[in-house]
file model.pdb (PDB, C-alpha atoms)
ATOM      1  CA  GLU D  23      27.849 -55.490  14.426  1.00  0.00           C
ATOM      2  CA  ALA D  24      26.056 -58.695  15.404  1.00  0.00           C
ATOM      3  CA  VAL D  25      28.073 -61.728  16.325  1.00  0.00           C
ATOM      4  CA  ALA D  26      27.863 -64.990  14.355  1.00  0.00           C
ATOM      5  CA  LEU D  27      24.912 -64.013  12.208  1.00  0.00           C
ATOM      6  CA  ASN D  28      26.318 -65.534   9.030  1.00  0.00           C
ATOM      7  CA  PRO D  29      25.738 -69.174  10.034  1.00  0.00           C
ATOM      8  CA  PHE D  30      22.009 -68.474   9.951  1.00  0.00           C
ATOM      9  CA  ALA D  31      22.204 -67.975   6.213  1.00  0.00           C
ATOM     10  CA  GLN D  32      22.004 -71.789   6.266  1.00  0.00           C
ATOM     11  CA  VAL D  33      18.781 -71.949   8.269  1.00  0.00           C
ATOM     12  CA  GLU D  34      16.290 -71.967   5.403  1.00  0.00           C
ATOM     13  CA  PRO D  35      17.863 -74.806   3.368  1.00  0.00           C
ATOM     14  CA  ILE D  36      18.511 -76.968   6.450  1.00  0.00           C
ATOM     15  CA  GLY D  37      15.047 -78.504   6.470  1.00  0.00           C
ATOM     16  CA  LYS D  38      14.299 -80.894   3.615  1.00  0.00           C
ATOM     17  CA  VAL D  39      10.934 -81.201   1.925  1.00  0.00           C
ATOM     18  CA  ARG D  40       9.471 -84.564   2.868  1.00  0.00           C
ATOM     19  CA  LYS D  41       5.910 -85.411   1.837  1.00  0.00           C
ATOM     20  CA  GLY D  42       5.249 -81.798   0.987  1.00  0.00           C
ATOM     21  CA  LYS D  43       6.400 -80.465   4.362  1.00  0.00           C
ATOM     22  CA  VAL D  44       9.663 -79.134   5.720  1.00  0.00           C
ATOM     23  CA  GLN D  45      10.957 -81.561   8.335  1.00  0.00           C
ATOM     24  CA  LEU D  46      14.181 -81.692  10.288  1.00  0.00           C
ATOM     25  CA  THR D  47      16.124 -84.803  11.125  1.00  0.00           C
ATOM     26  CA  SER D  48      17.550 -85.048  14.635  1.00  0.00           C
ATOM     27  CA  ASP D  49      21.011 -84.113  13.313  1.00  0.00           C
ATOM     28  CA  GLU D  50      19.625 -81.090  11.467  1.00  0.00           C
ATOM     29  CA  ALA D  51      17.733 -80.005  14.570  1.00  0.00           C
ATOM     30  CA  GLN D  52      20.900 -80.281  16.666  1.00  0.00           C
ATOM     31  CA  HIS D  53      22.832 -78.261  14.074  1.00  0.00           C
ATOM     32  CA  LEU D  54      20.235 -75.500  14.176  1.00  0.00           C
ATOM     33  CA  SER D  55      20.084 -75.562  17.967  1.00  0.00           C
ATOM     34  CA  GLU D  56      23.860 -75.098  18.180  1.00  0.00           C
ATOM     35  CA  HIS D  57      23.610 -72.070  15.885  1.00  0.00           C
ATOM     36  CA  LEU D  58      20.944 -70.607  18.169  1.00  0.00           C
ATOM     37  CA  VAL D  59      23.258 -70.925  21.156  1.00  0.00           C
ATOM     38  CA  ARG D  60      26.153 -69.224  19.323  1.00  0.00           C
ATOM     39  CA  LEU D  61      24.029 -66.431  17.869  1.00  0.00           C
ATOM     40  CA  PHE D  62      24.243 -63.610  20.398  1.00  0.00           C
ATOM     41  CA  PRO D  63      23.567 -60.156  18.960  1.00  0.00           C
ATOM     42  CA  VAL D  64      25.781 -57.253  19.952  1.00  0.00           C
ATOM     43  CA  GLY D  65      24.656 -54.410  17.713  1.00  0.00           C
ATOM     44  CA  ASP D  66      22.487 -55.337  14.761  1.00  0.00           C
ATOM     45  CA  PHE D  67      19.435 -56.435  16.689  1.00  0.00           C
ATOM     46  CA  ALA D  68      17.080 -56.186  13.728  1.00  0.00           C
ATOM     47  CA  ALA D  69      19.251 -58.672  11.829  1.00  0.00           C
ATOM     48  CA  ALA D  70      19.332 -60.935  14.865  1.00  0.00           C
ATOM     49  CA  GLU D  71      15.543 -60.778  15.096  1.00  0.00           C
ATOM     50  CA  SER D  72      15.241 -61.811  11.469  1.00  0.00           C
ATOM     51  CA  SER D  73      17.622 -64.711  12.026  1.00  0.00           C
ATOM     52  CA  TYR D  74      15.720 -65.928  15.070  1.00  0.00           C
ATOM     53  CA  TYR D  75      12.467 -65.827  13.129  1.00  0.00           C
ATOM     54  CA  ARG D  76      14.021 -67.946  10.383  1.00  0.00           C
ATOM     55  CA  ALA D  77      15.157 -70.421  13.013  1.00  0.00           C
ATOM     56  CA  LEU D  78      11.657 -70.388  14.499  1.00  0.00           C
ATOM     57  CA  TRP D  79      10.108 -71.096  11.107  1.00  0.00           C
ATOM     58  CA  ALA D  80      12.472 -74.003  10.535  1.00  0.00           C
ATOM     59  CA  GLY D  81      11.828 -75.403  14.000  1.00  0.00           C
ATOM     60  CA  GLU D  82       8.048 -75.176  13.780  1.00  0.00           C
ATOM     61  CA  SER D  83       7.957 -76.470  10.216  1.00  0.00           C
ATOM     62  CA  GLY D  84      10.163 -79.380  11.240  1.00  0.00           C
ATOM     63  CA  ARG D  85       8.083 -80.066  14.351  1.00  0.00           C
ATOM     64  CA  GLN D  86      11.043 -79.391  16.617  1.00  0.00           C
ATOM     65  CA  ASP D  87       9.517 -77.774  19.692  1.00  0.00           C
ATOM     66  CA  ARG D  88      12.859 -77.370  21.451  1.00  0.00           C
ATOM     67  CA  ILE D  89      14.152 -75.168  18.640  1.00  0.00           C
ATOM     68  CA  ALA D  90      10.898 -73.194  18.680  1.00  0.00           C
ATOM     69  CA  VAL D  91      11.291 -72.586  22.428  1.00  0.00           C
ATOM     70  CA  GLU D  92      14.926 -71.511  21.988  1.00  0.00           C
ATOM     71  CA  ALA D  93      14.014 -69.113  19.177  1.00  0.00           C
ATOM     72  CA  TRP D  94      11.009 -67.617  20.982  1.00  0.00           C
ATOM     73  CA  THR D  95      13.063 -67.121  24.159  1.00  0.00           C
ATOM     74  CA  ARG D  96      15.811 -65.277  22.322  1.00  0.00           C
ATOM     75  CA  LEU D  97      13.214 -63.170  20.525  1.00  0.00           C
ATOM     76  CA  VAL D  98      11.781 -62.146  23.907  1.00  0.00           C
ATOM     77  CA  TYR D  99      15.141 -60.626  24.846  1.00  0.00           C
ATOM     78  CA  VAL D 100      16.127 -59.159  21.479  1.00  0.00           C
ATOM     79  CA  VAL D 101      12.708 -57.677  20.707  1.00  0.00           C
ATOM     80  CA  GLY D 102      11.553 -56.674  24.169  1.00  0.00           C
ATOM     81  CA  TYR D 103      14.778 -55.534  25.801  1.00  0.00           C
ATOM     82  CA  ARG D 104      17.135 -54.592  22.997  1.00  0.00           C
ATOM     83  CA  GLN D 105      14.506 -53.053  20.712  1.00  0.00           C
ATOM     84  CA  ASP D 106      12.095 -51.672  23.334  1.00  0.00           C
ATOM     85  CA  ARG D 107       9.017 -53.572  22.126  1.00  0.00           C
ATOM     86  CA  ALA D 108       7.946 -54.936  25.481  1.00  0.00           C
ATOM     87  CA  ALA D 109       4.275 -55.524  24.655  1.00  0.00           C
ATOM     88  CA  GLU D 110       5.229 -57.593  21.631  1.00  0.00           C
ATOM     89  CA  SER D 111       7.767 -59.574  23.606  1.00  0.00           C
ATOM     90  CA  GLN D 112       5.182 -60.457  26.259  1.00  0.00           C
ATOM     91  CA  ARG D 113       3.176 -62.225  23.560  1.00  0.00           C
ATOM     92  CA  MET D 114       6.373 -64.039  22.595  1.00  0.00           C
ATOM     93  CA  VAL D 115       6.646 -65.306  26.169  1.00  0.00           C
ATOM     94  CA  GLN D 116       3.221 -66.904  25.734  1.00  0.00           C
ATOM     95  CA  HIS D 117       4.314 -68.538  22.468  1.00  0.00           C
ATOM     96  CA  ALA D 118       7.441 -69.905  24.179  1.00  0.00           C
ATOM     97  CA  GLU D 119       5.374 -71.252  27.067  1.00  0.00           C
ATOM     98  CA  ALA D 120       3.059 -73.007  24.603  1.00  0.00           C
ATOM     99  CA  SER D 121       6.056 -74.587  22.861  1.00  0.00           C
ATOM    100  CA  LEU D 122       7.392 -75.716  26.241  1.00  0.00           C
ATOM    101  CA  ARG D 123       4.099 -77.425  27.025  1.00  0.00           C
ATOM    102  CA  ARG D 124       4.207 -79.258  23.700  1.00  0.00           C
ATOM    103  CA  LEU D 125       7.787 -80.256  24.460  1.00  0.00           C
ATOM    104  CA  GLY D 126       6.664 -81.737  27.764  1.00  0.00           C
ATOM    105  CA  GLY D 127       8.694 -79.304  29.835  1.00  0.00           C
ATOM    106  CA  ASP D 128      12.440 -78.780  30.110  1.00  0.00           C
ATOM    107  CA  ASP D 129      14.235 -77.309  33.133  1.00  0.00           C
ATOM    108  CA  ILE D 130      16.963 -75.489  31.216  1.00  0.00           C
ATOM    109  CA  GLU D 131      14.676 -73.986  28.578  1.00  0.00           C
ATOM    110  CA  THR D 132      12.162 -72.992  31.266  1.00  0.00           C
ATOM    111  CA  ALA D 133      14.958 -71.341  33.232  1.00  0.00           C
ATOM    112  CA  ARG D 134      16.092 -69.404  30.166  1.00  0.00           C
ATOM    113  CA  LEU D 135      12.560 -68.262  29.428  1.00  0.00           C
ATOM    114  CA  GLU D 136      11.901 -67.199  33.025  1.00  0.00           C
ATOM    115  CA  SER D 137      15.114 -65.162  33.008  1.00  0.00           C
ATOM    116  CA  ALA D 138      14.281 -63.477  29.686  1.00  0.00           C
ATOM    117  CA  ALA D 139      10.723 -62.757  30.809  1.00  0.00           C
ATOM    118  CA  GLY D 140      12.142 -61.352  34.031  1.00  0.00           C
ATOM    119  CA  VAL D 141      14.229 -58.894  32.034  1.00  0.00           C
ATOM    120  CA  ILE D 142      11.081 -57.630  30.293  1.00  0.00           C
ATOM    121  CA  ALA D 143       9.207 -57.393  33.591  1.00  0.00           C
ATOM    122  CA  PHE D 144      12.083 -55.360  35.051  1.00  0.00           C
ATOM    123  CA  LYS D 145      12.233 -53.093  32.013  1.00  0.00           C
ATOM    124  CA  THR D 146       8.526 -52.301  32.296  1.00  0.00           C
ATOM    125  CA  GLY D 147       8.642 -51.605  36.038  1.00  0.00           C
ATOM    126  CA  ARG D 148       7.107 -54.878  37.253  1.00  0.00           C
ATOM    127  CA  TYR D 149       9.857 -55.494  39.776  1.00  0.00           C
ATOM    128  CA  ASP D 150       8.095 -58.069  41.948  1.00  0.00           C
ATOM    129  CA  GLU D 151       7.351 -60.165  38.879  1.00  0.00           C
ATOM    130  CA  ALA D 152      10.958 -59.811  37.739  1.00  0.00           C
ATOM    131  CA  LEU D 153      12.246 -61.043  41.112  1.00  0.00           C
ATOM    132  CA  SER D 154       9.808 -63.959  41.068  1.00  0.00           C
ATOM    133  CA  ARG D 155      10.850 -65.036  37.575  1.00  0.00           C
ATOM    134  CA  TYR D 156      14.534 -64.690  38.401  1.00  0.00           C
ATOM    135  CA  GLY D 157      14.020 -66.835  41.483  1.00  0.00           C
ATOM    136  CA  LYS D 158      12.405 -69.604  39.443  1.00  0.00           C
ATOM    137  CA  SER D 159      15.138 -69.337  36.819  1.00  0.00           C
ATOM    138  CA  ARG D 160      17.926 -69.556  39.385  1.00  0.00           C
ATOM    139  CA  ALA D 161      16.409 -72.620  41.078  1.00  0.00           C
ATOM    140  CA  LEU D 162      16.037 -74.458  37.777  1.00  0.00           C
ATOM    141  CA  PHE D 163      19.533 -73.571  36.580  1.00  0.00           C
ATOM    142  CA  GLU D 164      21.037 -74.688  39.889  1.00  0.00           C
ATOM    143  CA  LYS D 165      19.138 -77.970  39.650  1.00  0.00           C
ATOM    144  CA  ALA D 166      20.100 -78.632  36.030  1.00  0.00           C
ATOM    145  CA  LEU D 167      23.587 -77.112  35.736  1.00  0.00           C
ATOM    146  CA  GLY D 168      24.843 -76.661  39.282  1.00  0.00           C
ATOM    147  CA  PRO D 169      25.116 -73.625  41.602  1.00  0.00           C
ATOM    148  CA  GLU D 170      28.340 -72.374  40.010  1.00  0.00           C
ATOM    149  CA  SER D 171      27.244 -72.355  36.376  1.00  0.00           C
ATOM    150  CA  ILE D 172      27.595 -69.241  34.250  1.00  0.00           C
ATOM    151  CA  GLU D 173      23.827 -69.234  33.795  1.00  0.00           C
ATOM    152  CA  VAL D 174      23.332 -68.969  37.555  1.00  0.00           C
ATOM    153  CA  ALA D 175      25.820 -66.101  37.691  1.00  0.00           C
ATOM    154  CA  GLU D 176      23.863 -64.211  35.036  1.00  0.00           C
ATOM    155  CA  VAL D 177      20.582 -64.641  36.918  1.00  0.00           C
ATOM    156  CA  LEU D 178      22.223 -63.508  40.153  1.00  0.00           C
ATOM    157  CA  GLN D 179      23.380 -60.325  38.443  1.00  0.00           C
ATOM    158  CA  ARG D 180      19.956 -59.684  36.950  1.00  0.00           C
ATOM    159  CA  THR D 181      18.369 -60.209  40.354  1.00  0.00           C
ATOM    160  CA  SER D 182      20.736 -57.671  41.885  1.00  0.00           C
ATOM    161  CA  PHE D 183      19.473 -55.056  39.418  1.00  0.00           C
ATOM    162  CA  ALA D 184      15.861 -55.874  40.261  1.00  0.00           C
ATOM    163  CA  LEU D 185      16.552 -55.133  43.925  1.00  0.00           C
ATOM    164  CA  GLU D 186      17.746 -51.590  43.227  1.00  0.00           C
ATOM    165  CA  PRO D 187      14.327 -49.885  42.806  1.00  0.00           C
ATOM    166  CA  SER D 188      13.423 -50.855  46.383  1.00  0.00           C
ATOM    167  CA  ALA D 189      16.845 -49.683  47.596  1.00  0.00           C
ATOM    168  CA  GLN D 190      17.840 -53.173  48.751  1.00  0.00           C
ATOM    169  CA  PHE D 191      21.449 -52.401  47.999  1.00  0.00           C
ATOM    170  CA  GLU D 192      23.063 -54.674  50.573  1.00  0.00           C
ATOM    171  CA  ALA D 193      21.219 -57.674  49.154  1.00  0.00           C
ATOM    172  CA  ALA D 194      22.034 -56.507  45.612  1.00  0.00           C
ATOM    173  CA  ILE D 195      25.729 -56.204  46.490  1.00  0.00           C
ATOM    174  CA  ALA D 196      25.782 -59.707  47.983  1.00  0.00           C
ATOM    175  CA  LEU D 197      24.236 -61.206  44.833  1.00  0.00           C
ATOM    176  CA  GLU D 198      26.552 -59.230  42.552  1.00  0.00           C
ATOM    177  CA  ARG D 199      29.562 -60.481  44.495  1.00  0.00           C
ATOM    178  CA  GLN D 200      28.290 -64.046  44.338  1.00  0.00           C
ATOM    179  CA  GLY D 201      27.761 -63.841  40.588  1.00  0.00           C
ATOM    180  CA  LEU D 202      31.139 -62.193  40.067  1.00  0.00           C
ATOM    181  CA  ALA D 203      32.899 -64.932  42.038  1.00  0.00           C
ATOM    182  CA  ILE D 204      31.330 -67.563  39.790  1.00  0.00           C
ATOM    183  CA  LEU D 205      32.370 -65.723  36.637  1.00  0.00           C
ATOM    184  CA  LYS D 206      35.946 -65.302  37.866  1.00  0.00           C
ATOM    185  CA  LYS D 207      36.144 -69.010  38.628  1.00  0.00           C
ATOM    186  CA  ARG D 208      34.616 -70.129  35.342  1.00  0.00           C
ATOM    187  CA  LEU D 209      36.003 -67.524  32.917  1.00  0.00           C
ATOM    188  CA  GLY D 210      39.173 -66.239  34.559  1.00  0.00           C
ATOM    189  CA  PRO D 211      39.883 -62.858  36.186  1.00  0.00           C
ATOM    190  CA  GLU D 212      40.712 -61.080  32.907  1.00  0.00           C
ATOM    191  CA  HIS D 213      37.529 -61.964  31.023  1.00  0.00           C
ATOM    192  CA  PRO D 214      35.402 -58.980  29.801  1.00  0.00           C
ATOM    193  CA  GLU D 215      32.348 -60.322  31.648  1.00  0.00           C
ATOM    194  CA  VAL D 216      34.343 -60.249  34.871  1.00  0.00           C
ATOM    195  CA  ALA D 217      35.396 -56.655  34.214  1.00  0.00           C
ATOM    196  CA  ALA D 218      31.765 -55.708  33.578  1.00  0.00           C
ATOM    197  CA  GLY D 219      30.772 -57.421  36.814  1.00  0.00           C
ATOM    198  CA  ARG D 220      33.373 -55.431  38.753  1.00  0.00           C
ATOM    199  CA  LEU D 221      31.967 -52.223  37.282  1.00  0.00           C
ATOM    200  CA  ARG D 222      28.419 -53.149  38.301  1.00  0.00           C
ATOM    201  CA  LEU D 223      29.611 -54.038  41.802  1.00  0.00           C
ATOM    202  CA  GLY D 224      31.267 -50.630  42.074  1.00  0.00           C
ATOM    203  CA  GLU D 225      27.998 -48.950  41.078  1.00  0.00           C
ATOM    204  CA  HIS D 226      26.108 -50.920  43.736  1.00  0.00           C
ATOM    205  CA  LEU D 227      28.668 -49.972  46.377  1.00  0.00           C
ATOM    206  CA  MET D 228      28.443 -46.282  45.500  1.00  0.00           C
ATOM    207  CA  LEU D 229      24.633 -46.325  45.575  1.00  0.00           C
ATOM    208  CA  ASN D 230      24.631 -48.108  48.913  1.00  0.00           C
ATOM    209  CA  GLU D 231      27.032 -45.547  50.389  1.00  0.00           C
ATOM    210  CA  PHE D 232      24.933 -42.671  49.020  1.00  0.00           C
ATOM    211  CA  TYR D 233      21.705 -43.957  50.570  1.00  0.00           C
ATOM    212  CA  ALA D 234      23.432 -44.807  53.847  1.00  0.00           C
ATOM    213  CA  GLN D 235      24.534 -41.185  54.183  1.00  0.00           C
ATOM    214  CA  ALA D 236      21.179 -39.690  53.149  1.00  0.00           C
TER
END
call {"tool": "encode", "arguments": {"input": "model.pdb", "output": "structure tokens"}}
result
Amino acid sequence: EAVALNPFAQVEPIGKVRKGKVQLTSDEAQHLSEHLVRLFPVGDFAAAESSYYRALWAGESGRQDRIAVEAWTRLVYVVGYRQDRAAESQRMVQHAEASLRRLGGDDIETARLESAAGVIAFKTGRYDEALSRYGKSRALFEKALGPESIEVAEVLQRTSFALEPSAQFEAAIALERQGLAILKKRLGPEHPEVAAGRLRLGEHLMLNEFYAQA
């Protein structure tokens, strides 16, 4: 079941027809952007994809490049990672980059896109590219949101995974621990994301021990 998909039933009527075109006021754009942030699919990824495309249509029709970037970035992850359509998602990265250029650049949206594109690079075996994108994402998130933001923690965890194929387990463990410490501080020790982080750390520790004994 996907989380918070129902609010996107309102996406299509949000934009009003003005001079024959759908345009969004600043308040409408903010409303739609907030829905994009809350919409995080858990199971029904096809429904999430459809919702993101509706948001994209509203953003582009309303000449709201920020919303277009947000929608394209989320499509990269949902389509390329969750639905195994990596080639299609790589084209979505290019669309998001074009929207970012029209927007004039934005550190947070660039960081989100670099992280999502890094996930696709990792999934398709382009590990050096994944590490490069994660590095850019982390630097931008730290600049914009601080070194102990949840976004930084997520990128640290993704980077730790990207180090595994080259058996850099000690470095992976250090990053996983750093990300886990941030999550515990920001979310509390009982949060599900913290539990998941502990599980990943345990996997890293076991792999490191296995290779050390080989």
call {"tool": "resolve_selection", "arguments": {"input": "model.pdb", "expression": "the PyMOL selection byres ((chain D and resi 181) around 9)", "output": "list in words"}}
result
Gly140, Ala152, Leu153, Tyr156, Gly157, Glu176, Val177, Leu178, Gln179, Arg180, Ser182, Phe183, Ala184, Leu185, Ala194, Leu197 and Glu198 of chain D
call {"tool": "residues_around", "arguments": {"input": "model.pdb", "residues": "Arg208 in chain D", "least_positions_apart": "2", "cutoff": "8 Å", "atoms": "all atoms listed in the file", "output": "ChimeraX atom specification"}}
result
/D:171-172,204-206,210
call {"tool": "atom_distance", "arguments": {"input": "model.pdb", "atom1": "CA of Arg85 in chain D", "atom2": "CA of Gly127 in chain D"}}
result
15.5 Å
call {"tool": "resolve_selection", "arguments": {"input": "model.pdb", "expression": "the PyMOL selection byres ((chain D and resi 102) around 12)", "output": "NGL selection string"}}
result
:D and (67-68 or 71 or 94-101 or 103-115 or 138-146)
call {"tool": "write_last_selection", "arguments": {"input": "model.pdb", "atoms": "C-alpha atoms", "output": "CSV table (one decimal), in the frame of the given file"}}
result
chain,number,residue,atom,x,y,z
D,67,PHE,CA,19.4,-56.4,16.7
D,68,ALA,CA,17.1,-56.2,13.7
D,71,GLU,CA,15.5,-60.8,15.1
D,94,TRP,CA,11.0,-67.6,21.0
D,95,THR,CA,13.1,-67.1,24.2
D,96,ARG,CA,15.8,-65.3,22.3
D,97,LEU,CA,13.2,-63.2,20.5
D,98,VAL,CA,11.8,-62.1,23.9
D,99,TYR,CA,15.1,-60.6,24.8
D,100,VAL,CA,16.1,-59.2,21.5
D,101,VAL,CA,12.7,-57.7,20.7
D,103,TYR,CA,14.8,-55.5,25.8
D,104,ARG,CA,17.1,-54.6,23.0
D,105,GLN,CA,14.5,-53.1,20.7
D,106,ASP,CA,12.1,-51.7,23.3
D,107,ARG,CA,9.0,-53.6,22.1
D,108,ALA,CA,7.9,-54.9,25.5
D,109,ALA,CA,4.3,-55.5,24.7
D,110,GLU,CA,5.2,-57.6,21.6
D,111,SER,CA,7.8,-59.6,23.6
D,112,GLN,CA,5.2,-60.5,26.3
D,113,ARG,CA,3.2,-62.2,23.6
D,114,MET,CA,6.4,-64.0,22.6
D,115,VAL,CA,6.6,-65.3,26.2
D,138,ALA,CA,14.3,-63.5,29.7
D,139,ALA,CA,10.7,-62.8,30.8
D,140,GLY,CA,12.1,-61.4,34.0
D,141,VAL,CA,14.2,-58.9,32.0
D,142,ILE,CA,11.1,-57.6,30.3
D,143,ALA,CA,9.2,-57.4,33.6
D,144,PHE,CA,12.1,-55.4,35.1
D,145,LYS,CA,12.2,-53.1,32.0
D,146,THR,CA,8.5,-52.3,32.3
call {"tool": "resolve_selection", "arguments": {"input": "model.pdb", "expression": "the PyMOL selection byres ((chain D and resi 160) around 9)", "output": "number ranges by chain"}}
result
D: 133, 137, 155-159, 161-165, 169, 173-175, 177-178
call {"tool": "residues_around", "arguments": {"input": "model.pdb", "residues": "Ala196 in chain D", "least_positions_apart": "4", "cutoff": "10 Å", "atoms": "only C-alpha atoms", "output": "PyMOL selection string"}}
result
chain D and resi 178-179+182+191-192+200-202+223+226
call {"tool": "atom_distance", "arguments": {"input": "model.pdb", "atom1": "CA of Ala90 in chain D", "atom2": "CA of Leu78 in chain D"}}
result
5.1 Å
call {"tool": "closest_residue", "arguments": {"input": "model.pdb", "among": "D:Ile89, D:Ala189, D:Leu227, D:Leu135", "to": "Tyr75 in chain D", "atoms": "only C-alpha atoms"}}
result
D:Ile89
call {"tool": "atom_distance", "arguments": {"input": "model.pdb", "atom1": "CA of Ser188 in chain D", "atom2": "CA of Glu151 in chain D"}}
result
13.4 Å
call {"tool": "build_atoms", "arguments": {"input": "model.pdb", "residues": "range 117-124 of chain D", "atoms": "all heavy atoms", "output": "PDB file, in the frame of the given file"}}
result
ATOM      1  N   HIS D 117       3.997 -67.557  23.520  1.00  0.00           N
ATOM      2  CA  HIS D 117       4.314 -68.538  22.468  1.00  0.00           C
ATOM      3  C   HIS D 117       5.363 -69.531  22.973  1.00  0.00           C
ATOM      4  O   HIS D 117       5.260 -70.746  22.726  1.00  0.00           O
ATOM      5  CB  HIS D 117       4.833 -67.825  21.225  1.00  0.00           C
ATOM      6  CG  HIS D 117       3.767 -67.205  20.386  1.00  0.00           C
ATOM      7  ND1 HIS D 117       2.842 -67.945  19.694  1.00  0.00           N
ATOM      8  CD2 HIS D 117       3.481 -65.895  20.123  1.00  0.00           C
ATOM      9  CE1 HIS D 117       2.026 -67.138  19.023  1.00  0.00           C
ATOM     10  NE2 HIS D 117       2.391 -65.890  19.280  1.00  0.00           N
ATOM     11  N   ALA D 118       6.390 -69.028  23.655  1.00  0.00           N
ATOM     12  CA  ALA D 118       7.441 -69.905  24.179  1.00  0.00           C
ATOM     13  C   ALA D 118       6.872 -70.871  25.206  1.00  0.00           C
ATOM     14  O   ALA D 118       7.235 -72.060  25.226  1.00  0.00           O
ATOM     15  CB  ALA D 118       8.563 -69.064  24.796  1.00  0.00           C
ATOM     16  N   GLU D 119       5.982 -70.385  26.059  1.00  0.00           N
ATOM     17  CA  GLU D 119       5.374 -71.252  27.067  1.00  0.00           C
ATOM     18  C   GLU D 119       4.549 -72.355  26.405  1.00  0.00           C
ATOM     19  O   GLU D 119       4.553 -73.509  26.865  1.00  0.00           O
ATOM     20  CB  GLU D 119       4.510 -70.418  28.012  1.00  0.00           C
ATOM     21  CG  GLU D 119       5.328 -69.520  28.938  1.00  0.00           C
ATOM     22  CD  GLU D 119       4.484 -68.550  29.730  1.00  0.00           C
ATOM     23  OE1 GLU D 119       3.328 -68.280  29.320  1.00  0.00           O
ATOM     24  OE2 GLU D 119       4.967 -68.037  30.745  1.00  0.00           O
ATOM     25  N   ALA D 120       3.839 -72.000  25.324  1.00  0.00           N
ATOM     26  CA  ALA D 120       3.059 -73.007  24.603  1.00  0.00           C
ATOM     27  C   ALA D 120       3.980 -74.069  23.994  1.00  0.00           C
ATOM     28  O   ALA D 120       3.678 -75.267  24.041  1.00  0.00           O
ATOM     29  CB  ALA D 120       2.217 -72.342  23.517  1.00  0.00           C
ATOM     30  N   SER D 121       5.096 -73.639  23.435  1.00  0.00           N
ATOM     31  CA  SER D 121       6.056 -74.587  22.861  1.00  0.00           C
ATOM     32  C   SER D 121       6.647 -75.485  23.944  1.00  0.00           C
ATOM     33  O   SER D 121       6.889 -76.679  23.724  1.00  0.00           O
ATOM     34  CB  SER D 121       7.174 -73.836  22.131  1.00  0.00           C
ATOM     35  OG  SER D 121       6.667 -73.117  21.019  1.00  0.00           O
ATOM     36  N   LEU D 122       6.875 -74.917  25.126  1.00  0.00           N
ATOM     37  CA  LEU D 122       7.392 -75.716  26.241  1.00  0.00           C
ATOM     38  C   LEU D 122       6.390 -76.791  26.661  1.00  0.00           C
ATOM     39  O   LEU D 122       6.775 -77.927  26.971  1.00  0.00           O
ATOM     40  CB  LEU D 122       7.700 -74.803  27.433  1.00  0.00           C
ATOM     41  CG  LEU D 122       9.118 -74.264  27.554  1.00  0.00           C
ATOM     42  CD1 LEU D 122       9.197 -73.224  28.650  1.00  0.00           C
ATOM     43  CD2 LEU D 122      10.104 -75.387  27.815  1.00  0.00           C
ATOM     44  N   ARG D 123       5.117 -76.430  26.667  1.00  0.00           N
ATOM     45  CA  ARG D 123       4.099 -77.425  27.025  1.00  0.00           C
ATOM     46  C   ARG D 123       4.070 -78.562  26.004  1.00  0.00           C
ATOM     47  O   ARG D 123       3.947 -79.736  26.375  1.00  0.00           O
ATOM     48  CB  ARG D 123       2.732 -76.758  27.147  1.00  0.00           C
ATOM     49  CG  ARG D 123       2.569 -75.897  28.406  1.00  0.00           C
ATOM     50  CD  ARG D 123       1.127 -75.513  28.630  1.00  0.00           C
ATOM     51  NE  ARG D 123       0.633 -74.614  27.603  1.00  0.00           N
ATOM     52  CZ  ARG D 123       0.722 -73.289  27.659  1.00  0.00           C
ATOM     53  NH1 ARG D 123       1.294 -72.710  28.717  1.00  0.00           N
ATOM     54  NH2 ARG D 123       0.230 -72.527  26.694  1.00  0.00           N
ATOM     55  N   ARG D 124       4.181 -78.210  24.723  1.00  0.00           N
ATOM     56  CA  ARG D 124       4.207 -79.258  23.700  1.00  0.00           C
ATOM     57  C   ARG D 124       5.442 -80.137  23.852  1.00  0.00           C
ATOM     58  O   ARG D 124       5.394 -81.344  23.586  1.00  0.00           O
ATOM     59  CB  ARG D 124       4.180 -78.640  22.299  1.00  0.00           C
ATOM     60  CG  ARG D 124       2.853 -78.030  21.905  1.00  0.00           C
ATOM     61  CD  ARG D 124       2.784 -77.797  20.415  1.00  0.00           C
ATOM     62  NE  ARG D 124       3.844 -76.922  19.939  1.00  0.00           N
ATOM     63  CZ  ARG D 124       3.738 -75.594  19.867  1.00  0.00           C
ATOM     64  NH1 ARG D 124       2.622 -74.998  20.256  1.00  0.00           N
ATOM     65  NH2 ARG D 124       4.745 -74.874  19.425  1.00  0.00           N
TER      66      ARG D 124
END
